[in-house]
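Okay, target28.cif now, which holds mmCIF, C-alpha atoms:
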```cif
data_run
#
loop_
_atom_site.label_atom_id
_atom_site.label_comp_id
_atom_site.auth_asym_id
_atom_site.auth_seq_id
_atom_site.Cartn_x
_atom_site.Cartn_y
_atom_site.Cartn_z
CA MET Y 276 0.00 0.00 0.00
CA SER Y 277 1.59 3.29 -1.07
CA VAL Y 278 1.45 6.37 1.09
CA SER Y 279 -0.50 8.25 -1.55
CA THR Y 280 -3.31 5.66 -1.68
CA VAL Y 281 -3.93 5.14 2.02
CA PRO Y 282 -7.67 4.73 2.80
CA SER Y 283 -9.18 7.51 4.89
CA SER Y 284 -9.78 5.10 7.75
CA LEU Y 285 -6.05 4.54 8.02
CA ALA Y 286 -4.98 8.13 7.39
CA ARG Y 287 -4.74 9.06 11.05
CA PRO Y 288 -2.67 6.02 12.17
CA LEU Y 289 -0.32 6.45 9.23
CA TRP Y 290 0.12 10.13 9.95
CA GLN Y 291 0.94 9.25 13.55
CA GLY Y 292 3.70 6.99 12.25
CA ARG Y 293 4.84 9.45 9.61
CA ALA Y 294 5.17 12.13 12.29
CA TRP Y 295 8.41 10.41 13.34
CA VAL Y 296 9.67 10.51 9.75
CA LEU Y 297 8.70 14.17 9.44
CA ALA Y 298 10.54 14.97 12.68
CA GLY Y 299 13.61 13.16 11.36
CA ILE Y 300 13.51 15.03 8.05
CA VAL Y 301 13.04 18.45 9.66
CA LEU Y 302 15.73 18.01 12.34
CA SER Y 303 18.14 16.47 9.84
CA ALA Y 304 17.56 19.33 7.41
CA PHE Y 305 18.41 21.82 10.16
CA THR Y 306 21.68 19.96 10.76
CA LEU Y 307 22.91 19.87 7.15
CA ARG Y 308 24.78 23.22 7.18
CA THR Y 309 25.61 23.70 10.86
CA ALA Y 310 29.22 22.54 10.39
CA VAL Y 311 29.74 25.34 7.87
CA THR Y 312 28.23 28.47 9.38
CA SER Y 313 29.02 27.64 13.02
CA LEU Y 314 32.71 27.52 12.09
CA THR Y 315 33.35 30.35 9.62
CA PRO Y 316 32.60 33.26 12.02
CA LEU Y 317 35.22 31.78 14.40
CA LEU Y 318 38.00 31.14 11.88
CA ASP Y 319 39.80 34.38 12.69
CA ALA Y 320 39.90 33.52 16.42
CA LEU Y 321 40.79 29.89 15.69
CA GLY Y 322 43.59 31.05 13.40
CA ARG Y 323 45.15 32.89 16.34
CA GLU Y 324 44.54 29.90 18.63
CA PHE Y 325 46.13 27.32 16.33
CA GLN Y 326 48.51 29.60 14.40
CA PHE Y 327 47.17 29.12 10.88
CA GLY Y 328 46.83 31.72 8.16
CA ALA Y 329 44.77 32.60 5.14
CA THR Y 330 45.63 29.54 3.09
CA MET Y 331 44.44 27.14 5.80
CA THR Y 332 41.31 29.23 6.25
CA GLY Y 333 40.70 28.64 2.55
CA VAL Y 334 41.16 24.90 3.08
CA PHE Y 335 38.45 24.96 5.75
CA GLY Y 336 36.25 26.75 3.24
CA MET Y 337 36.75 24.18 0.48
CA VAL Y 338 36.03 21.10 2.63
CA PRO Y 339 32.20 21.47 2.55
CA THR Y 340 31.91 21.41 -1.23
CA ALA Y 341 34.50 18.63 -1.48
CA ALA Y 342 32.51 16.51 0.98
CA PHE Y 343 29.22 17.22 -0.79
CA ALA Y 344 30.73 16.30 -4.17
CA LEU Y 345 32.35 13.09 -2.89
CA PHE Y 346 29.39 11.82 -0.90
CA GLY Y 347 26.94 12.88 -3.58
CA VAL Y 348 28.57 10.14 -5.68
CA ALA Y 349 29.12 7.57 -2.92
CA THR Y 350 25.83 7.80 -1.01
CA PRO Y 351 23.50 6.14 -3.57
CA VAL Y 352 25.65 2.98 -3.46
CA LEU Y 353 25.48 2.99 0.35
CA ALA Y 354 21.73 3.67 0.43
CA HIS Y 355 20.96 0.84 -2.01
CA ARG Y 356 22.64 -1.54 0.44
CA ILE Y 357 21.47 -0.34 3.87
CA GLY Y 358 18.32 1.65 3.03
CA LEU Y 359 17.38 5.30 3.19
CA GLU Y 360 16.37 5.27 6.86
CA ARG Y 361 19.62 3.67 8.05
CA ALA Y 362 21.61 6.01 5.81
CA ALA Y 363 19.82 8.99 7.39
CA LEU Y 364 20.63 7.65 10.86
CA LEU Y 365 24.27 7.12 9.85
CA ALA Y 366 24.41 10.65 8.47
CA MET Y 367 23.20 12.20 11.72
CA ALA Y 368 25.46 9.96 13.83
CA MET Y 369 28.51 11.03 11.80
CA ALA Y 370 27.44 14.67 12.00
CA ALA Y 371 27.00 14.44 15.78
CA LEU Y 372 30.38 12.77 16.33
CA GLY Y 373 32.20 15.20 14.08
CA LEU Y 374 30.56 18.27 15.58
CA LEU Y 375 31.26 17.04 19.11
CA ALA Y 376 34.87 16.15 18.28
CA ARG Y 377 35.49 19.76 17.25
CA ALA Y 378 35.15 20.76 20.91
CA PHE Y 379 38.11 18.58 21.92
CA VAL Y 380 40.67 19.22 19.18
CA GLY Y 381 44.19 20.26 20.02
CA ASP Y 382 45.55 21.46 16.68
CA THR Y 383 44.62 22.54 13.18
CA LEU Y 384 44.73 19.06 11.64
CA GLN Y 385 42.40 17.62 14.27
CA LEU Y 386 39.94 20.46 13.74
CA LEU Y 387 40.06 19.94 9.98
CA LEU Y 388 39.46 16.18 10.29
CA ALA Y 389 36.64 16.55 12.82
CA ASN Y 390 34.87 19.10 10.64
CA ALA Y 391 35.38 16.95 7.54
CA PHE Y 392 33.85 13.94 9.32
CA ALA Y 393 30.79 15.98 10.28
CA LEU Y 394 30.48 17.29 6.72
CA ALA Y 395 30.72 13.74 5.35
CA GLY Y 396 27.62 12.87 7.36
CA MET Y 397 25.91 15.99 6.09
CA GLY Y 398 26.85 15.04 2.53
CA ILE Y 399 25.05 11.73 3.03
CA GLY Y 400 22.05 13.59 4.41
CA ASN Y 401 21.94 15.88 1.35
CA VAL Y 402 21.32 12.83 -0.84
CA VAL Y 403 18.95 10.69 1.23
CA LEU Y 404 16.51 13.25 2.64
CA PRO Y 405 14.75 14.21 -0.65
CA PRO Y 406 13.91 10.58 -1.56
CA LEU Y 407 12.66 10.03 2.00
CA VAL Y 408 10.21 12.86 1.38
CA LYS Y 409 9.11 11.07 -1.80
CA ARG Y 410 8.79 7.69 -0.03
CA TYR Y 411 6.68 8.74 2.94
CA PHE Y 412 4.99 11.94 1.77
CA ALA Y 413 4.05 11.28 -1.84
CA ASP Y 414 0.74 12.99 -1.08
CA ARG Y 415 2.44 16.09 0.39
CA VAL Y 416 5.68 16.42 -1.57
CA GLY Y 417 5.35 20.16 -2.17
CA THR Y 418 4.47 21.01 1.43
CA VAL Y 419 7.14 18.83 3.02
CA SER Y 420 9.79 19.91 0.49
CA THR Y 421 9.08 23.56 1.28
CA ALA Y 422 9.41 22.82 5.00
CA TYR Y 423 12.65 20.92 4.31
CA ILE Y 424 14.16 23.82 2.33
CA THR Y 425 13.05 26.42 4.88
CA VAL Y 426 14.47 24.54 7.85
CA LEU Y 427 17.73 23.84 5.99
CA GLN Y 428 18.14 27.58 5.48
CA LEU Y 429 17.35 28.24 9.15
CA GLY Y 430 20.10 25.76 9.99
CA THR Y 431 22.42 27.93 7.93
CA ILE Y 432 21.35 31.23 9.48
CA LEU Y 433 21.10 30.50 13.21
CA PRO Y 434 24.59 28.99 13.75
CA ALA Y 435 26.13 32.05 12.09
CA LEU Y 436 24.20 34.33 14.46
CA ALA Y 437 24.98 32.28 17.57
CA ALA Y 438 28.61 31.28 16.97
CA VAL Y 439 30.32 34.41 18.27
CA PRO Y 440 27.97 35.07 21.24
CA LEU Y 441 28.43 31.44 22.33
CA MET Y 442 32.20 31.80 22.04
CA GLN Y 443 32.18 35.03 24.05
CA ALA Y 444 29.98 33.48 26.74
CA SER Y 445 31.51 30.00 27.05
CA GLY Y 446 34.55 29.70 24.79
CA TRP Y 447 35.07 28.45 21.26
CA ARG Y 448 34.96 24.77 22.27
CA VAL Y 449 31.39 25.09 23.55
CA SER Y 450 30.44 27.18 20.53
CA LEU Y 451 31.70 24.51 18.10
CA GLY Y 452 30.57 21.44 20.03
CA SER Y 453 27.08 22.55 21.04
CA TRP Y 454 25.64 21.91 17.57
CA SER Y 455 26.19 18.20 18.07
CA LEU Y 456 23.08 18.25 20.29
CA VAL Y 457 20.93 19.09 17.27
CA ALA Y 458 22.42 16.20 15.31
CA VAL Y 459 21.78 13.84 18.23
CA ALA Y 460 18.18 15.05 18.36
CA ALA Y 461 17.90 14.43 14.60
CA ALA Y 462 19.13 10.85 15.00
CA LEU Y 463 16.48 9.92 17.57
CA PRO Y 464 13.45 9.96 15.21
CA TRP Y 465 15.29 7.69 12.76
CA LEU Y 466 15.94 5.23 15.59
CA ALA Y 467 12.21 5.32 16.35
CA VAL Y 468 11.29 4.82 12.68
CA LEU Y 469 13.63 1.84 12.31
CA TRP Y 470 12.28 0.28 15.50
CA MET Y 471 8.65 0.80 14.44
CA GLU Y 472 9.25 -0.71 11.00
CA ALA Y 473 11.06 -3.73 12.48
CA ARG Y 474 9.23 -4.46 15.74
CA GLY Y 475 6.44 -1.98 16.29
CA ARG Y 476 3.03 -3.54 16.97
CA SER Y 477 0.82 -0.48 17.08
CA GLU Y 478 -1.36 0.44 14.11
CA PRO Y 479 0.82 3.49 13.19
CA ALA Y 480 3.90 1.26 13.29
CA ARG Y 481 2.31 -1.37 11.07
CA GLU Y 482 1.21 1.26 8.54
CA LEU Y 483 4.68 2.80 8.54
CA ALA Y 484 6.20 -0.63 7.91
CA ARG Y 485 3.76 -1.21 5.02
CA ALA Y 486 4.74 2.11 3.44
CA HIS Y 487 8.39 1.10 3.72
CA ASP Y 488 7.84 -2.40 2.36
CA HIS Y 489 5.84 -1.06 -0.56
CA ALA Y 490 8.75 1.18 -1.59
CA VAL Y 491 11.49 -1.45 -1.17
CA HIS Y 492 11.50 -4.19 -3.77
CA GLY Y 493 13.81 -6.55 -5.61
CA GLY Y 494 16.49 -6.46 -2.95
CA ASP Y 495 17.03 -2.72 -3.51
CA ALA Y 496 16.67 -0.79 -0.24
CA ALA Y 497 16.63 2.61 -1.98
CA PRO Y 498 14.94 2.31 -5.38
CA GLU Y 499 14.16 6.04 -5.30
CA LEU Y 500 17.85 6.68 -5.97
CA ALA Y 501 17.95 4.36 -8.97
CA ALA Y 502 17.77 5.96 -12.39
CA SER Y 503 17.27 4.31 -15.74
CA ALA Y 504 20.27 4.45 -18.01
CA PRO Y 505 20.31 7.62 -20.13
CA ARG Y 506 20.16 7.17 -23.88
CA GLY Y 507 22.73 9.89 -24.54
CA ARG Y 508 25.97 11.25 -23.13
CA VAL Y 509 25.21 14.20 -20.92
CA TRP Y 510 28.68 15.75 -21.21
CA ARG Y 511 28.08 16.32 -24.92
CA SER Y 512 25.24 18.77 -24.27
CA PRO Y 513 25.75 22.55 -24.01
CA VAL Y 514 22.73 22.55 -21.69
CA ALA Y 515 24.59 20.34 -19.21
CA TRP Y 516 27.79 22.38 -19.40
CA GLY Y 517 25.88 25.61 -18.95
CA MET Y 518 24.09 24.23 -15.89
CA ALA Y 519 27.34 22.94 -14.39
CA LEU Y 520 29.10 26.29 -14.91
CA MET Y 521 26.21 28.30 -13.48
CA PHE Y 522 25.81 25.97 -10.48
CA GLY Y 523 29.56 25.70 -9.90
CA MET Y 524 30.28 29.44 -10.03
CA THR Y 525 27.34 30.17 -7.73
CA SER Y 526 28.57 27.61 -5.20
CA LEU Y 527 32.16 28.87 -5.49
CA ILE Y 528 31.12 32.44 -4.69
CA THR Y 529 28.73 31.36 -1.94
CA TYR Y 530 31.29 29.30 -0.03
CA SER Y 531 33.96 31.96 -0.56
CA MET Y 532 31.63 34.43 1.16
CA PHE Y 533 30.76 31.98 3.95
CA THR Y 534 34.48 31.56 4.60
CA TRP Y 535 35.90 35.04 4.09
CA LEU Y 536 33.17 37.57 4.79
CA PRO Y 537 33.74 37.54 8.59
CA LYS Y 538 37.52 38.02 8.23
CA LEU Y 539 37.10 40.78 5.64
CA LEU Y 540 34.85 42.73 8.01
CA ILE Y 541 37.13 42.13 11.00
CA GLU Y 542 40.14 43.45 9.06
CA ALA Y 543 38.05 46.49 8.08
CA GLY Y 544 37.46 47.27 11.77
CA GLY Y 545 34.27 45.32 12.47
CA SER Y 546 33.67 42.90 15.32
CA PRO Y 547 33.48 39.10 15.08
CA ALA Y 548 29.78 39.38 15.98
CA LEU Y 549 29.26 41.64 12.97
CA GLY Y 550 30.93 39.04 10.77
CA GLY Y 551 28.63 36.31 12.06
CA SER Y 552 25.50 38.43 11.68
CA MET Y 553 26.44 39.30 8.09
CA VAL Y 554 26.85 35.60 7.25
CA ALA Y 555 23.37 35.14 8.72
CA LEU Y 556 21.98 37.99 6.58
CA PHE Y 557 23.63 36.48 3.50
CA SER Y 558 22.00 33.13 4.30
CA THR Y 559 18.59 34.69 5.02
CA LEU Y 560 18.39 36.19 1.56
CA GLY Y 561 19.31 32.78 0.18
CA MET Y 562 16.28 31.32 1.94
CA ILE Y 563 13.99 33.94 0.41
CA SER Y 564 15.30 33.30 -3.09
CA ALA Y 565 15.03 29.52 -2.61
CA LEU Y 566 11.33 29.92 -1.82
CA CYS Y 567 10.55 32.41 -4.60
CA MET Y 568 12.78 31.48 -7.52
CA PRO Y 569 11.13 28.17 -8.59
CA ALA Y 570 7.74 29.86 -8.98
CA LEU Y 571 9.32 32.66 -11.02
CA ALA Y 572 11.48 30.41 -13.21
CA VAL Y 573 8.58 28.29 -14.45
CA ARG Y 574 6.76 31.39 -15.68
CA VAL Y 575 9.42 32.60 -18.13
CA ALA Y 576 10.64 30.76 -21.22
CA ASN Y 577 14.17 32.13 -20.96
CA PRO Y 578 15.22 33.18 -17.44
CA PHE Y 579 18.60 34.57 -18.56
CA PRO Y 580 17.59 38.13 -17.52
CA ILE Y 581 17.32 36.78 -13.96
CA VAL Y 582 20.94 35.63 -14.22
CA LEU Y 583 22.01 39.11 -15.35
CA VAL Y 584 20.18 40.75 -12.44
CA CYS Y 585 21.94 38.37 -10.04
CA VAL Y 586 25.33 39.20 -11.58
CA LEU Y 587 24.65 42.94 -11.24
CA ALA Y 588 23.73 42.39 -7.58
CA TYR Y 589 27.00 40.52 -7.07
CA LEU Y 590 29.00 43.32 -8.73
CA GLY Y 591 27.38 46.00 -6.60
CA GLY Y 592 28.01 44.06 -3.40
CA PHE Y 593 31.60 43.21 -4.29
CA ALA Y 594 32.38 46.84 -5.13
CA GLY Y 595 30.86 48.03 -1.86
CA LEU Y 596 32.77 45.53 0.28
CA LEU Y 597 36.00 46.35 -1.52
CA LEU Y 598 35.72 50.15 -1.43
CA ALA Y 599 33.67 50.89 1.71
CA PRO Y 600 33.14 47.72 3.76
CA MET Y 601 32.11 49.51 6.97
CA HIS Y 602 29.78 52.01 5.29
CA GLY Y 603 26.56 50.45 4.06
CA THR Y 604 27.63 46.95 5.09
CA PHE Y 605 24.04 45.71 5.25
CA VAL Y 606 23.44 46.96 1.71
CA TRP Y 607 26.55 45.31 0.27
CA VAL Y 608 25.87 41.98 1.96
CA GLY Y 609 22.21 42.22 0.98
CA LEU Y 610 23.19 42.61 -2.69
CA ILE Y 611 25.58 39.67 -2.49
CA GLY Y 612 22.83 37.66 -0.79
CA LEU Y 613 20.59 38.17 -3.84
CA GLY Y 614 23.26 36.87 -6.19
CA PRO Y 615 22.95 33.17 -5.28
CA SER Y 616 19.37 33.16 -6.61
CA THR Y 617 21.02 31.38 -9.54
CA PHE Y 618 21.38 28.35 -7.23
CA PRO Y 619 17.63 27.56 -6.90
CA LEU Y 620 17.25 28.64 -10.54
CA ALA Y 621 19.70 25.91 -11.58
CA LEU Y 622 17.88 23.30 -9.48
CA THR Y 623 14.56 24.32 -11.06
CA LEU Y 624 15.99 24.16 -14.59
CA ILE Y 625 16.92 20.50 -14.09
CA ASN Y 626 13.30 19.56 -14.71
CA LEU Y 627 12.53 22.41 -17.12
CA ARG Y 628 15.34 21.42 -19.51
CA THR Y 629 14.72 17.64 -19.59
CA ARG Y 630 11.96 15.40 -20.93
CA SER Y 631 12.48 12.22 -18.92
CA PRO Y 632 13.42 11.03 -15.41
CA ALA Y 633 16.62 9.56 -16.85
CA GLY Y 634 17.49 12.92 -18.36
CA SER Y 635 16.78 14.74 -15.10
CA ALA Y 636 18.91 12.30 -13.12
CA ALA Y 637 21.79 12.51 -15.59
CA LEU Y 638 21.68 16.31 -15.72
CA SER Y 639 21.45 16.64 -11.92
CA GLY Y 640 24.38 14.30 -11.36
CA PHE Y 641 26.58 16.03 -13.95
CA MET Y 642 25.67 19.53 -12.80
CA GLN Y 643 26.18 18.93 -9.09
CA GLY Y 644 29.19 16.62 -9.42
CA LEU Y 645 31.15 18.95 -11.69
CA GLY Y 646 29.76 22.09 -10.08
CA TYR Y 647 30.73 21.17 -6.52
CA THR Y 648 34.15 19.98 -7.72
CA ILE Y 649 34.82 23.33 -9.39
CA SER Y 650 33.56 25.27 -6.39
CA CYS Y 651 36.08 23.58 -4.07
CA LEU Y 652 38.75 25.87 -5.47
CA GLY Y 653 36.95 29.09 -4.56
CA PRO Y 654 37.64 29.59 -0.83
CA LEU Y 655 41.21 28.28 -1.19
CA ALA Y 656 42.06 30.52 -4.17
CA PHE Y 657 40.39 33.51 -2.50
CA GLY Y 658 42.53 33.02 0.62
CA TRP Y 659 45.72 32.36 -1.33
CA LEU Y 660 45.29 35.57 -3.32
CA HIS Y 661 44.58 37.50 -0.12
CA GLU Y 662 47.72 36.12 1.51
CA LEU Y 663 49.80 36.81 -1.58
CA SER Y 664 48.60 40.38 -2.11
CA HIS Y 665 47.87 41.36 1.52
CA GLY Y 666 44.62 42.87 0.31
CA TRP Y 667 41.24 42.10 -1.19
CA VAL Y 668 41.54 43.46 -4.74
CA TRP Y 669 42.94 40.26 -6.26
CA PRO Y 670 40.46 37.96 -4.50
CA PHE Y 671 37.52 40.04 -5.72
CA ALA Y 672 39.04 40.19 -9.20
CA MET Y 673 38.97 36.38 -9.15
CA LEU Y 674 35.28 36.45 -8.21
CA GLY Y 675 34.70 38.94 -11.02
CA ALA Y 676 36.20 36.44 -13.47
CA CYS Y 677 33.89 33.79 -12.03
CA LEU Y 678 30.94 36.07 -12.78
CA VAL Y 679 31.95 36.16 -16.44
CA ILE Y 680 31.89 32.36 -16.48
CA LEU Y 681 28.54 32.40 -14.65
CA VAL Y 682 27.05 34.64 -17.37
CA ILE Y 683 28.34 32.32 -20.10
CA GLY Y 684 27.00 29.26 -18.31
CA GLY Y 685 23.70 30.95 -17.55
CA ARG Y 686 23.17 31.88 -21.19
CA MET Y 687 23.81 28.28 -22.25
CA ALA Y 688 21.54 26.85 -19.53
CA CYS Y 689 18.64 29.27 -19.89
CA LYS Y 690 18.20 29.05 -23.65
CA PRO Y 691 14.87 27.23 -24.24
CA ARG Y 692 15.98 23.77 -25.40
CA MET Y 693 16.06 20.25 -24.03
CA LEU Y 694 19.00 18.20 -22.88
CA GLU Y 695 17.81 15.17 -24.86
CA ASP Y 696 18.02 17.14 -28.13
CA SER Y 697 21.75 17.78 -27.77
CA TRP Y 698 23.30 14.83 -25.96
#
```
Show the structure stored in the file as structure tokens.
Amino acid sequence: MSVSTVPSSLARPLWQGRAWVLAGIVLSAFTLRTAVTSLTPLLDALGREFQFGATMTGVFGMVPTAAFALFGVATPVLAHRIGLERAALLAMAMAALGLLARAFVGDTLQLLLANAFALAGMGIGNVVLPPLVKRYFADRVGTVSTAYITVLQLGTILPALAAVPLMQASGWRVSLGSWSLVAVAAALPWLAVLWMEARGRSEPARELARAHDHAVHGGDAAPELAASAPRGRVWRSPVAWGMALMFGMTSLITYSMFTWLPKLLIEAGGSPALGGSMVALFSTLGMISALCMPALAVRVANPFPIVLVCVLAYLGGFAGLLLAPMHGTFVWVGLIGLGPSTFPLALTLINLRTRSPAGSAALSGFMQGLGYTISCLGPLAFGWLHELSHGWVWPFAMLGACLVILVIGGRMACKPRMLEDSW
């Protein structure tokens, strides 16, 4: 019995069971970015604590996209073997252990490894949570997906706001380690779901188990992650390359800002708390665009003008931060926060530029795999150029070059044509 065809007499028991799944999805979504934005506002203080400079700060900035790229490829294989629910539990367990370990590190390498371990768990979570929405909430995909996206963005904003106040009140170890509590809380509903599906005897537990058993078939514990073989080669399509360039440049700029915006403002005379609050503002505008952009993108045949508006917003924000970082800071960061609207635009175009599920899967994998790989270089190169030049002109010049590539990629991706016609 599928979730979407549950008789009305069983709707209430099934919803009681699905409440545990919903709690797991929501708490896990909140956890997926905490390792990033709880760390970046503290990197300046941690650099003094552990004696590392701009290049190592850039390394910390590149680890998230590297982990997301690597585990975006590896997670489907894992999920097919152990199942989506166990993979979600593993993701939160790894996140909790990594986040907690950050509170006990004694040097730069230990901090890097602990953060990477937490991000590996979050990379697994990135992959398995959307198909869990599809498995258990086929009748509410839009509503639950919106909640998932909103909470994920809140999990990006709140750690950035709280990181410095927590450090000032209790020290950096408490500030870094406290987010493990959220990951532990996110793991508990998955334990309950697994127990209910295996041994639960109540009516909600039985209905939850039926929903699981209906989805799992043929020895495949995660058929939602299986895709039929594409009939073409995605890398031959200009649509795919345009999407990968647009997605990659957007991610590169985003994670460069996550990493370096606090330090830029501190060097300009601002406080660490200002740096954290500006990362939160940057993330808040990302949440607004994530909620609004899909509805806008489906209403225009060629959304390339949206890309140009985003690039102009980036340019205005970059110029402001470079020339007058402490005058109009909210305006400059607000403009930069509008720029990553090309991120949800790219995700929306996956379905608008393909005709088949196989095409969508192939385009998504190519775009995110190549895009996240390219974006790894951003925070590292930004920091290296800052260390080399002892200023911010060269780093922002690099981001300006990335904007040129973003425009080229956006033009290729937005042109009204289908992947299957050119692969």
Could you give me, as a Markdown table, a per-residue list for stretch 446-549 of chain Y showing, wherever an atom lies at most 10 Å from an atom of stretch 603-610 of chain Y, the closest pair of atoms and their distance in Å to one decimal, using all atoms listed in the file and sorting by chain then residue number from low to high?
```
| residue | atom | partner | partner_atom | distance |
| --- | --- | --- | --- | --- |
| Y:Met532 | CA | Y:Val608 | CA | 9.5 |
| Y:Leu536 | CA | Y:Val608 | CA | 9.0 |
| Y:Leu540 | CA | Y:Thr604 | CA | 8.9 |
| Y:Leu549 | CA | Y:Thr604 | CA | 9.6 |
```
Quiz item: Closest to Y:His602 among Y:Ile581, Y:Gly544, Y:Ala576, Y:Ile563, using all atoms listed in the file?
Solution: Y:Gly544
Quiz item: Using all atoms listed in the file, which residue out of Y:Ala368, Y:Val338, Y:Leu387, Y:Leu652 lies closest to Y:Leu527?
Solution: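 Among Y:Ala368, Y:Val338, Y:Leu387, Y:Leu652, it is Y:Leu652 that comes nearest to Y:Leu527.
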Exercise. Determine the residue membership of the PyMOL selection byres ((chain Y and resi 578) around 10) for the file above and supply it as a PyMOL selection string.
Key: chain Y and resi 571-577+579-583+617+620+624+685-686+688-691
Exercise. Please measure the separation of atom CA of Y:Thr315 and atom CA of Y:Leu645, giving the value in Å to one decimal.
Key: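 It comes out at 24.3 Å.
Atom pair atom CA of Y:Leu655 / atom CA of Y:Met673: separated by 11.6 Å.
Considering all atoms listed in the file, the residue among Y:Ala637, Y:Leu627, Y:Leu590, Y:Leu365 positioned nearest to Y:Gly507 is Y:Ala637.
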Self-check item: Å distance separating atom CA of Y:Phe657 from atom CA of Y:Thr534, one decimal place
Solution: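 Result for atom CA of Y:Phe657 versus atom CA of Y:Thr534: 9.4 Å, one decimal.
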Exercise. Please tell me which residues are no farther than 12 Å from (33.8, 43.4, 17.3) in the file, counting all atoms listed in the file, and write them as a list in words.
Key: Pro316, Asp319, Ala320, Val439, Pro440, Gln443, Pro537, Lys538, Leu540, Ile541, Glu542, Ala543, Gly544, Gly545, Ser546, Pro547, Ala548, Leu549, Gly550, Gly551 and Ser552 of chain Y
Centre and size of axis-aligned box enclosing stretch 664-681 of chain Y plus 5 Å each side, as AutoDock Vina command-line options:
```
--center_x 38.6 --center_y 37.9 --center_z -7.5 --size_x 30.1 --size_y 21.1 --size_z 28.0
```
Exercise. Name the residues in contact with stretch 389-391 of chain Y at a cut-off of 6 Å, using all atoms listed in the file, excluding same-chain residues fewer than 3 positions from it; report them as a ChimeraX atom specification.
Key: /Y:373,376-377,386,394
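The smallest atom-to-atom distance between Y:Gly400 and any of Y:Ala496, Y:Leu660, Y:Ala363, Y:Leu678, using all atoms listed in the file, is found for Y:Ala363.
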Quiz item: Which is closer to Y:Gly328 than all the others in Y:Ser650, Y:Gln643, Y:Ser313, Y:Thr383, using all atoms listed in the file?
Solution: Y:Thr383
Quiz prompt | Answer as a PyMOL selection string, residues within 10 Å of (28.7, 24.7, -16.2) using all atoms listed in the file | solution = chain Y and resi 513-524+641-643+645-646+649+680-681+683-685+687-688
Would you put the residues from that selection into a file with C-alpha atoms, as a compact mmCIF listing (two decimals), in the coordinates of the input?
```
# COMPACT_ATOMS: atom_id res chain seq x y z
CA PRO Y 513 25.75 22.55 -24.01
CA VAL Y 514 22.73 22.55 -21.69
CA ALA Y 515 24.59 20.34 -19.21
CA TRP Y 516 27.79 22.38 -19.40
CA GLY Y 517 25.88 25.61 -18.95
CA MET Y 518 24.09 24.23 -15.89
CA ALA Y 519 27.34 22.94 -14.39
CA LEU Y 520 29.10 26.29 -14.91
CA MET Y 521 26.21 28.30 -13.48
CA PHE Y 522 25.81 25.97 -10.48
CA GLY Y 523 29.56 25.70 -9.90
CA MET Y 524 30.28 29.44 -10.03
CA PHE Y 641 26.58 16.03 -13.95
CA MET Y 642 25.67 19.53 -12.80
CA GLN Y 643 26.18 18.93 -9.09
CA LEU Y 645 31.15 18.95 -11.69
CA GLY Y 646 29.76 22.09 -10.08
CA ILE Y 649 34.82 23.33 -9.39
CA ILE Y 680 31.89 32.36 -16.48
CA LEU Y 681 28.54 32.40 -14.65
CA ILE Y 683 28.34 32.32 -20.10
CA GLY Y 684 27.00 29.26 -18.31
CA GLY Y 685 23.70 30.95 -17.55
CA MET Y 687 23.81 28.28 -22.25
CA ALA Y 688 21.54 26.85 -19.53
```
Exercise. Select, from Y:Leu622, Y:Leu364, Y:Leu638, Y:Leu353, the residue with the minimum atom-to-atom distance to Y:Ala461, counting all atoms listed in the file.
Key: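 Checking each candidate against Y:Ala461, we get Y:Leu364 as the closest.
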